[in-house]
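Enquirer: The structure file query20.json (JSON, C-alpha atoms) is provided below.
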```
[["chain", "number", "residue", "atom", "x", "y", "z"],
["K", 19, "MET", "CA", 0.00, 0.00, 0.00],
["K", 20, "VAL", "CA", 1.35, 3.43, -0.98],
["K", 21, "LYS", "CA", 1.91, 5.65, 2.05],
["K", 22, "LEU", "CA", -0.23, 8.76, 1.87],
["K", 23, "LYS", "CA", 1.52, 12.10, 2.07],
["K", 24, "ARG", "CA", 0.78, 15.79, 1.97],
["K", 25, "GLY", "CA", -0.69, 16.78, -1.41],
["K", 26, "ASP", "CA", -2.39, 13.42, -2.00],
["K", 27, "ARG", "CA", -6.12, 13.20, -2.36],
["K", 28, "ALA", "CA", -7.63, 12.02, 0.92],
["K", 29, "PRO", "CA", -9.21, 8.57, 0.50],
["K", 30, "ASP", "CA", -12.93, 8.76, 1.11],
["K", 31, "PHE", "CA", -14.56, 6.60, 3.75],
["K", 32, "THR", "CA", -17.92, 6.13, 5.37],
["K", 33, "LEU", "CA", -18.22, 5.39, 9.09],
["K", 34, "ILE", "CA", -21.11, 5.25, 11.52],
["K", 35, "THR", "CA", -21.71, 7.77, 14.30],
["K", 36, "LEU", "CA", -22.78, 6.77, 17.81],
["K", 37, "GLU", "CA", -26.31, 7.62, 16.70],
["K", 38, "GLY", "CA", -26.04, 5.12, 13.85],
["K", 39, "GLN", "CA", -25.84, 7.70, 11.10],
["K", 40, "PRO", "CA", -23.42, 7.10, 8.22],
["K", 41, "VAL", "CA", -20.91, 9.89, 7.71],
["K", 42, "ALA", "CA", -18.56, 10.11, 4.73],
["K", 43, "LEU", "CA", -15.49, 12.29, 4.50],
["K", 44, "SER", "CA", -16.82, 13.51, 1.16],
["K", 45, "ASP", "CA", -19.93, 14.85, 2.94],
["K", 46, "TYR", "CA", -17.73, 17.75, 4.02],
["K", 47, "ARG", "CA", -16.26, 18.61, 0.60],
["K", 48, "GLY", "CA", -16.07, 22.38, 0.41],
["K", 49, "ARG", "CA", -14.80, 22.87, 3.95],
["K", 50, "PRO", "CA", -11.62, 21.77, 5.72],
["K", 51, "VAL", "CA", -11.75, 18.69, 7.91],
["K", 52, "LEU", "CA", -9.53, 17.69, 10.83],
["K", 53, "LEU", "CA", -9.48, 13.93, 11.34],
["K", 54, "VAL", "CA", -8.40, 12.90, 14.85],
["K", 55, "PHE", "CA", -7.63, 9.20, 15.07],
["K", 56, "LEU", "CA", -7.74, 8.10, 18.68],
["K", 57, "ARG", "CA", -5.53, 5.35, 20.05],
["K", 58, "HIS", "CA", -8.01, 3.78, 22.39],
["K", 59, "LEU", "CA", -10.65, 5.05, 24.74],
["K", 60, "GLY", "CA", -8.69, 4.31, 27.91],
["T", 30, "MET", "CA", -9.39, 16.35, 23.70],
["T", 31, "ALA", "CA", -9.17, 19.20, 26.22],
["T", 32, "GLN", "CA", -6.94, 21.09, 23.79],
["T", 33, "LEU", "CA", -9.34, 20.52, 20.90],
["T", 34, "ARG", "CA", -12.24, 21.71, 23.03],
["T", 35, "HIS", "CA", -10.29, 24.77, 24.12],
["T", 36, "PHE", "CA", -9.98, 25.89, 20.49],
["T", 37, "GLU", "CA", -13.53, 24.98, 19.49],
["T", 38, "ASP", "CA", -14.45, 28.58, 18.66],
["T", 39, "GLU", "CA", -11.39, 28.96, 16.45],
["T", 40, "PHE", "CA", -12.19, 25.76, 14.54],
["T", 41, "ARG", "CA", -15.72, 27.05, 14.04],
["T", 42, "ARG", "CA", -14.46, 30.46, 12.90],
["T", 43, "LEU", "CA", -12.25, 28.75, 10.30],
["T", 44, "GLY", "CA", -15.16, 26.61, 9.15],
["T", 45, "VAL", "CA", -13.35, 23.40, 10.12],
["T", 46, "GLN", "CA", -15.23, 20.18, 10.72],
["T", 47, "VAL", "CA", -13.49, 18.09, 13.38],
["T", 48, "LEU", "CA", -14.19, 14.36, 13.20],
["T", 49, "ILE", "CA", -13.02, 12.00, 15.95],
["T", 50, "ILE", "CA", -12.40, 8.43, 14.84],
["T", 51, "SER", "CA", -12.19, 5.52, 17.26],
["T", 52, "PHE", "CA", -12.02, 1.75, 17.03],
["T", 53, "GLY", "CA", -13.42, 1.38, 20.55],
["T", 54, "ALA", "CA", -16.60, -0.50, 21.30],
["T", 55, "ASP", "CA", -19.87, 1.43, 21.15],
["T", 56, "HIS", "CA", -20.51, 1.57, 24.91],
["T", 57, "TRP", "CA", -16.97, 2.72, 25.67],
["T", 58, "ALA", "CA", -17.26, 5.37, 23.00],
["T", 59, "ARG", "CA", -20.44, 6.70, 24.62],
["T", 60, "ALA", "CA", -18.75, 6.81, 28.02],
["T", 61, "TRP", "CA", -15.76, 8.61, 26.50],
["T", 62, "MET", "CA", -18.02, 11.23, 24.89],
["T", 63, "LEU", "CA", -19.77, 11.87, 28.20],
["T", 64, "GLU", "CA", -16.53, 12.07, 30.15],
["T", 65, "THR", "CA", -14.68, 14.34, 27.73],
["T", 66, "GLY", "CA", -17.68, 16.44, 26.71],
["T", 67, "SER", "CA", -16.44, 16.29, 23.14],
["T", 68, "PRO", "CA", -18.41, 18.70, 20.93],
["T", 69, "TYR", "CA", -17.28, 16.83, 17.81],
["T", 70, "PRO", "CA", -18.87, 13.78, 16.16],
["T", 71, "LEU", "CA", -17.30, 10.46, 17.03],
["T", 72, "LEU", "CA", -17.13, 7.94, 14.20],
["T", 73, "LEU", "CA", -16.74, 4.26, 14.91],
["T", 74, "ASP", "CA", -14.23, 2.19, 12.98],
["T", 75, "PRO", "CA", -14.08, -1.16, 14.79],
["T", 76, "GLU", "CA", -12.22, -2.81, 11.92],
["T", 77, "ARG", "CA", -9.64, 0.00, 11.88],
["T", 78, "ALA", "CA", -9.98, 0.19, 8.10],
["T", 79, "THR", "CA", -9.34, 3.95, 8.04],
["T", 80, "TYR", "CA", -6.34, 3.53, 10.33],
["T", 81, "GLN", "CA", -4.85, 1.17, 7.75],
["T", 82, "VAL", "CA", -5.71, 3.35, 4.75],
["T", 83, "TYR", "CA", -4.11, 6.40, 6.40],
["T", 84, "GLY", "CA", -1.07, 4.36, 7.43],
["T", 85, "LEU", "CA", -1.38, 4.59, 11.20],
["T", 86, "GLY", "CA", 0.85, 2.01, 12.77],
["T", 87, "SER", "CA", 0.83, -0.33, 15.71],
["T", 88, "SER", "CA", 3.89, -0.83, 17.89],
["T", 89, "PHE", "CA", 4.56, -2.72, 21.11],
["T", 90, "ILE", "CA", 7.99, -1.14, 21.65],
["T", 91, "ARG", "CA", 6.87, 2.44, 21.10],
["T", 92, "VAL", "CA", 3.82, 2.10, 23.32],
["T", 93, "TRP", "CA", 5.77, 0.69, 26.27],
["T", 94, "SER", "CA", 8.88, 2.85, 25.99],
["T", 95, "PRO", "CA", 10.39, 4.54, 29.10],
["T", 96, "LYS", "CA", 9.39, 7.94, 27.67],
["T", 97, "VAL", "CA", 5.74, 6.91, 27.50],
["T", 98, "MET", "CA", 5.83, 5.26, 30.94],
["T", 99, "TRP", "CA", 7.29, 8.47, 32.41],
["T", 100, "HIS", "CA", 4.54, 10.52, 30.74],
["T", 101, "TYR", "CA", 1.80, 8.37, 32.28],
["T", 102, "LEU", "CA", 3.54, 8.30, 35.67],
["T", 103, "LYS", "CA", 3.52, 12.11, 35.69],
["T", 104, "LEU", "CA", -0.20, 12.12, 34.88],
["T", 105, "ILE", "CA", -0.89, 9.69, 37.74],
["T", 106, "LEU", "CA", 1.21, 11.78, 40.16],
["T", 107, "ARG", "CA", -0.83, 14.83, 39.11],
["T", 108, "GLY", "CA", -3.92, 12.91, 40.16],
["T", 109, "GLU", "CA", -5.36, 12.47, 36.68],
["T", 110, "HIS", "CA", -7.91, 9.73, 36.27],
["T", 111, "MET", "CA", -6.55, 6.82, 34.25],
["T", 112, "ARG", "CA", -9.10, 4.53, 32.67],
["T", 113, "PRO", "CA", -8.44, 0.92, 31.72],
["T", 114, "VAL", "CA", -7.36, 0.46, 28.13],
["T", 115, "GLN", "CA", -10.10, -0.68, 25.76],
["T", 116, "GLY", "CA", -9.12, -2.23, 22.45],
["T", 117, "ASP", "CA", -5.66, -2.84, 21.06],
["T", 118, "PRO", "CA", -3.23, -0.92, 23.31],
["T", 119, "HIS", "CA", -0.56, -0.97, 20.61],
["T", 120, "GLN", "CA", -2.56, 0.85, 17.94],
["T", 121, "LEU", "CA", -1.20, 4.35, 17.39],
["T", 122, "GLY", "CA", -3.27, 7.38, 16.45],
["T", 123, "GLY", "CA", -2.74, 10.38, 14.26],
["T", 124, "ASP", "CA", -4.09, 13.63, 12.89],
["T", 125, "VAL", "CA", -4.96, 14.50, 9.29],
["T", 126, "ILE", "CA", -5.99, 17.82, 7.80],
["T", 127, "VAL", "CA", -7.97, 17.60, 4.57],
["T", 128, "ASP", "CA", -8.61, 20.85, 2.73],
["T", 129, "ALA", "CA", -11.88, 21.97, 1.17],
["T", 130, "ASP", "CA", -10.92, 20.26, -2.12],
["T", 131, "GLY", "CA", -10.28, 16.90, -0.46],
["T", 132, "VAL", "CA", -6.47, 17.16, -0.52],
["T", 133, "ILE", "CA", -4.31, 16.15, 2.46],
["T", 134, "ARG", "CA", -2.53, 19.20, 3.87],
["T", 135, "LEU", "CA", -1.06, 17.56, 6.97],
["T", 136, "ILE", "CA", -0.72, 13.96, 7.99],
["T", 137, "HIS", "CA", 0.84, 13.25, 11.37],
["T", 138, "ARG", "CA", 1.24, 9.60, 12.31],
["T", 139, "SER", "CA", 1.98, 9.29, 16.01],
["T", 140, "LYS", "CA", 5.35, 7.70, 16.68],
["T", 141, "ASP", "CA", 4.27, 6.84, 20.22],
["T", 142, "PRO", "CA", 1.13, 7.39, 22.33],
["T", 143, "VAL", "CA", 2.14, 10.88, 23.46],
["T", 144, "ASP", "CA", 3.27, 12.11, 20.04],
["T", 145, "ARG", "CA", 0.46, 14.41, 18.88],
["T", 146, "PRO", "CA", 0.91, 17.74, 17.09],
["T", 147, "PRO", "CA", 0.10, 20.85, 19.14],
["T", 148, "VAL", "CA", -3.32, 22.27, 18.30],
["T", 149, "GLU", "CA", -1.56, 25.55, 17.47],
["T", 150, "LYS", "CA", 0.29, 23.74, 14.67],
["T", 151, "LEU", "CA", -2.95, 22.27, 13.33],
["T", 152, "LEU", "CA", -4.54, 25.71, 13.35],
["T", 153, "ALA", "CA", -1.51, 27.20, 11.57],
["T", 154, "VAL", "CA", -1.91, 24.68, 8.74],
["T", 155, "LEU", "CA", -5.66, 25.29, 8.59],
["T", 156, "ARG", "CA", -4.99, 29.04, 8.25],
["T", 157, "ASN", "CA", -2.15, 28.50, 5.77],
["T", 158, "PRO", "CA", -2.11, 25.06, 4.10],
["T", 159, "ALA", "CA", 1.40, 25.71, 2.75],
["T", 160, "GLN", "CA", 2.71, 25.00, 6.26],
["T", 161, "GLY", "CA", 1.51, 21.40, 6.11],
["T", 162, "ALA", "CA", 3.72, 18.33, 6.41],
["T", 163, "SER", "CA", 3.80, 14.56, 6.32],
["T", 164, "SER", "CA", 5.21, 12.42, 9.13]]
```
With the file now loaded, output its structure as structure tokens.

Expert:
Amino acid sequence: MVKLKRGDRAPDFTLITLEGQPVALSDYRGRPVLLVFLRHLG
Amino acid sequence: MAQLRHFEDEFRRLGVQVLIISFGADHWARAWMLETGSPYPLLLDPERATYQVYGLGSSFIRVWSPKVMWHYLKLILRGEHMRPVQGDPHQLGGDVIVDADGVIRLIHRSKDPVDRPPVEKLLAVLRNPAQGASS
């Protein structure tokens, strides 16, 4: 797998919120997004 | 999370959507949201598919290094509440800034559990994407 770097297009994904709603990264096209990947919830 | 909350108004002013991604179980994620008071949506990725796509690693040695142990010891001595680890303790996190056109402007892969970019750096890149970086 090619390692993503600055300047690459961000791969889209769809995940589910705690409320069960699907959210895609592309839903926010047109505004900047900060993705914060947590380690664990401990 | 406290740092991200502290700058909530600035993220809003810049029109930034903050998305928190976790591979934790649903009930732990709910408890975490209540405890931290996170104003940002939490997205569940139990399979860690996005962690893999964005190249976030997993390391036994980096997680249990003396530097990390010292960091947690200081937190305990300060009286901070430490919760039991849920999920893979060796999975590392990271931070990614995606601009309005869907292009990565910063990608920071944590080298150890305490390696996170300062929020001020994230805000600097959001204000001026030319300051972005890959690590």

Enquirer: Identify, on the basis of all atoms listed in the file, every residue whose closest approach to range 46-51 of chain K does not exceed 9 Å; exclude the query and any residue fewer than 3 positions from it along the same chain; express the result as a list in words.

Expert: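 Answer for this query is Ala42 and Leu43 of chain K; Leu43, Gly44, Val45, Gln46, Val47, Leu48, Val125, Ile126, Val127, Asp128, Ala129, Asp130, Gly131 and Leu155 of chain T.
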
Enquirer: With distances taken over only C-alpha atoms, which residue among T:Glu109, T:Glu64, T:Asp124, T:Asp38 lies nearest chain K?

Expert: T:Asp124

Enquirer: Under the rule of at most 8 Å, produce a per-residue listing of chain T near chain K: chain, number, name, the closest pair of atoms, and the distance in Å, as a tab-separated table, using all atoms listed in the file.

Expert:
```
residue	atom	partner	partner_atom	distance
T:Gly44	CA	K:Arg49	CA	6.4
T:Val45	CA	K:Pro50	CA	5.0
T:Gln46	CA	K:Val51	CA	4.7
T:Val47	CA	K:Leu52	CA	4.7
T:Leu48	CA	K:Leu53	CA	5.1
T:Ile49	CA	K:Val54	CA	4.8
T:Ile50	CA	K:Phe55	CA	4.8
T:Ser51	CA	K:Leu56	CA	5.3
T:Phe52	CA	K:His58	CA	7.0
T:Gly53	CA	K:His58	CA	6.2
T:Asp55	CA	K:Leu36	CA	6.9
T:Trp57	CA	K:Leu59	CA	6.8
T:Ala58	CA	K:Leu59	CA	6.8
T:Arg59	CA	K:Leu36	CA	7.2
T:Trp61	CA	K:Leu59	CA	6.5
T:Pro70	CA	K:Thr35	CA	6.9
T:Leu71	CA	K:Thr35	CA	5.8
T:Leu72	CA	K:Thr35	CA	4.6
T:Leu73	CA	K:Ile34	CA	5.6
T:Asp74	CA	K:Leu33	CA	6.4
T:Thr79	CA	K:Phe31	CA	7.3
T:Tyr80	CA	K:Phe55	CA	7.5
T:Val82	CA	K:Pro29	CA	7.6
T:Tyr83	CA	K:Leu22	CA	6.4
T:Gly84	CA	K:Lys21	CA	6.3
T:Met111	CA	K:Gly60	CA	7.1
T:Arg112	CA	K:Gly60	CA	4.8
T:Pro113	CA	K:Gly60	CA	5.1
T:Val114	CA	K:Gly60	CA	4.1
T:Gln115	CA	K:Gly60	CA	5.6
T:Gly116	CA	K:His58	CA	6.1
T:Asp117	CA	K:His58	CA	7.1
T:Pro118	CA	K:His58	CA	6.8
T:Gln120	CA	K:Arg57	CA	5.8
T:Leu121	CA	K:Arg57	CA	5.2
T:Gly122	CA	K:Arg57	CA	4.7
T:Gly123	CA	K:Phe55	CA	5.1
T:Asp124	CA	K:Val54	CA	4.8
T:Val125	CA	K:Leu53	CA	5.0
T:Ile126	CA	K:Leu52	CA	4.7
T:Val127	CA	K:Val51	CA	5.2
T:Asp128	CA	K:Pro50	CA	4.3
T:Ala129	CA	K:Arg49	CA	4.1
T:Asp130	CA	K:Gly48	CA	6.1
T:Gly131	CA	K:Ala28	CA	5.7
T:Val132	CA	K:Arg27	CA	4.4
T:Ile133	CA	K:Arg24	CA	5.1
T:Arg134	CA	K:Arg24	CA	5.1
T:Leu135	CA	K:Arg24	CA	5.6
T:Ile136	CA	K:Arg24	CA	6.5
T:Pro142	CA	K:Arg57	CA	7.3
T:Leu155	CA	K:Pro50	CA	7.5
T:Gly161	CA	K:Arg24	CA	7.0
T:Ala162	CA	K:Arg24	CA	5.9
T:Ser163	CA	K:Lys23	CA	5.4
T:Ser164	CA	K:Lys23	CA	8.0
```

Enquirer: What is the CA of Pro95 in chain T to CA of Arg145 in chain T distance in Å?

Expert: 17.3 Å
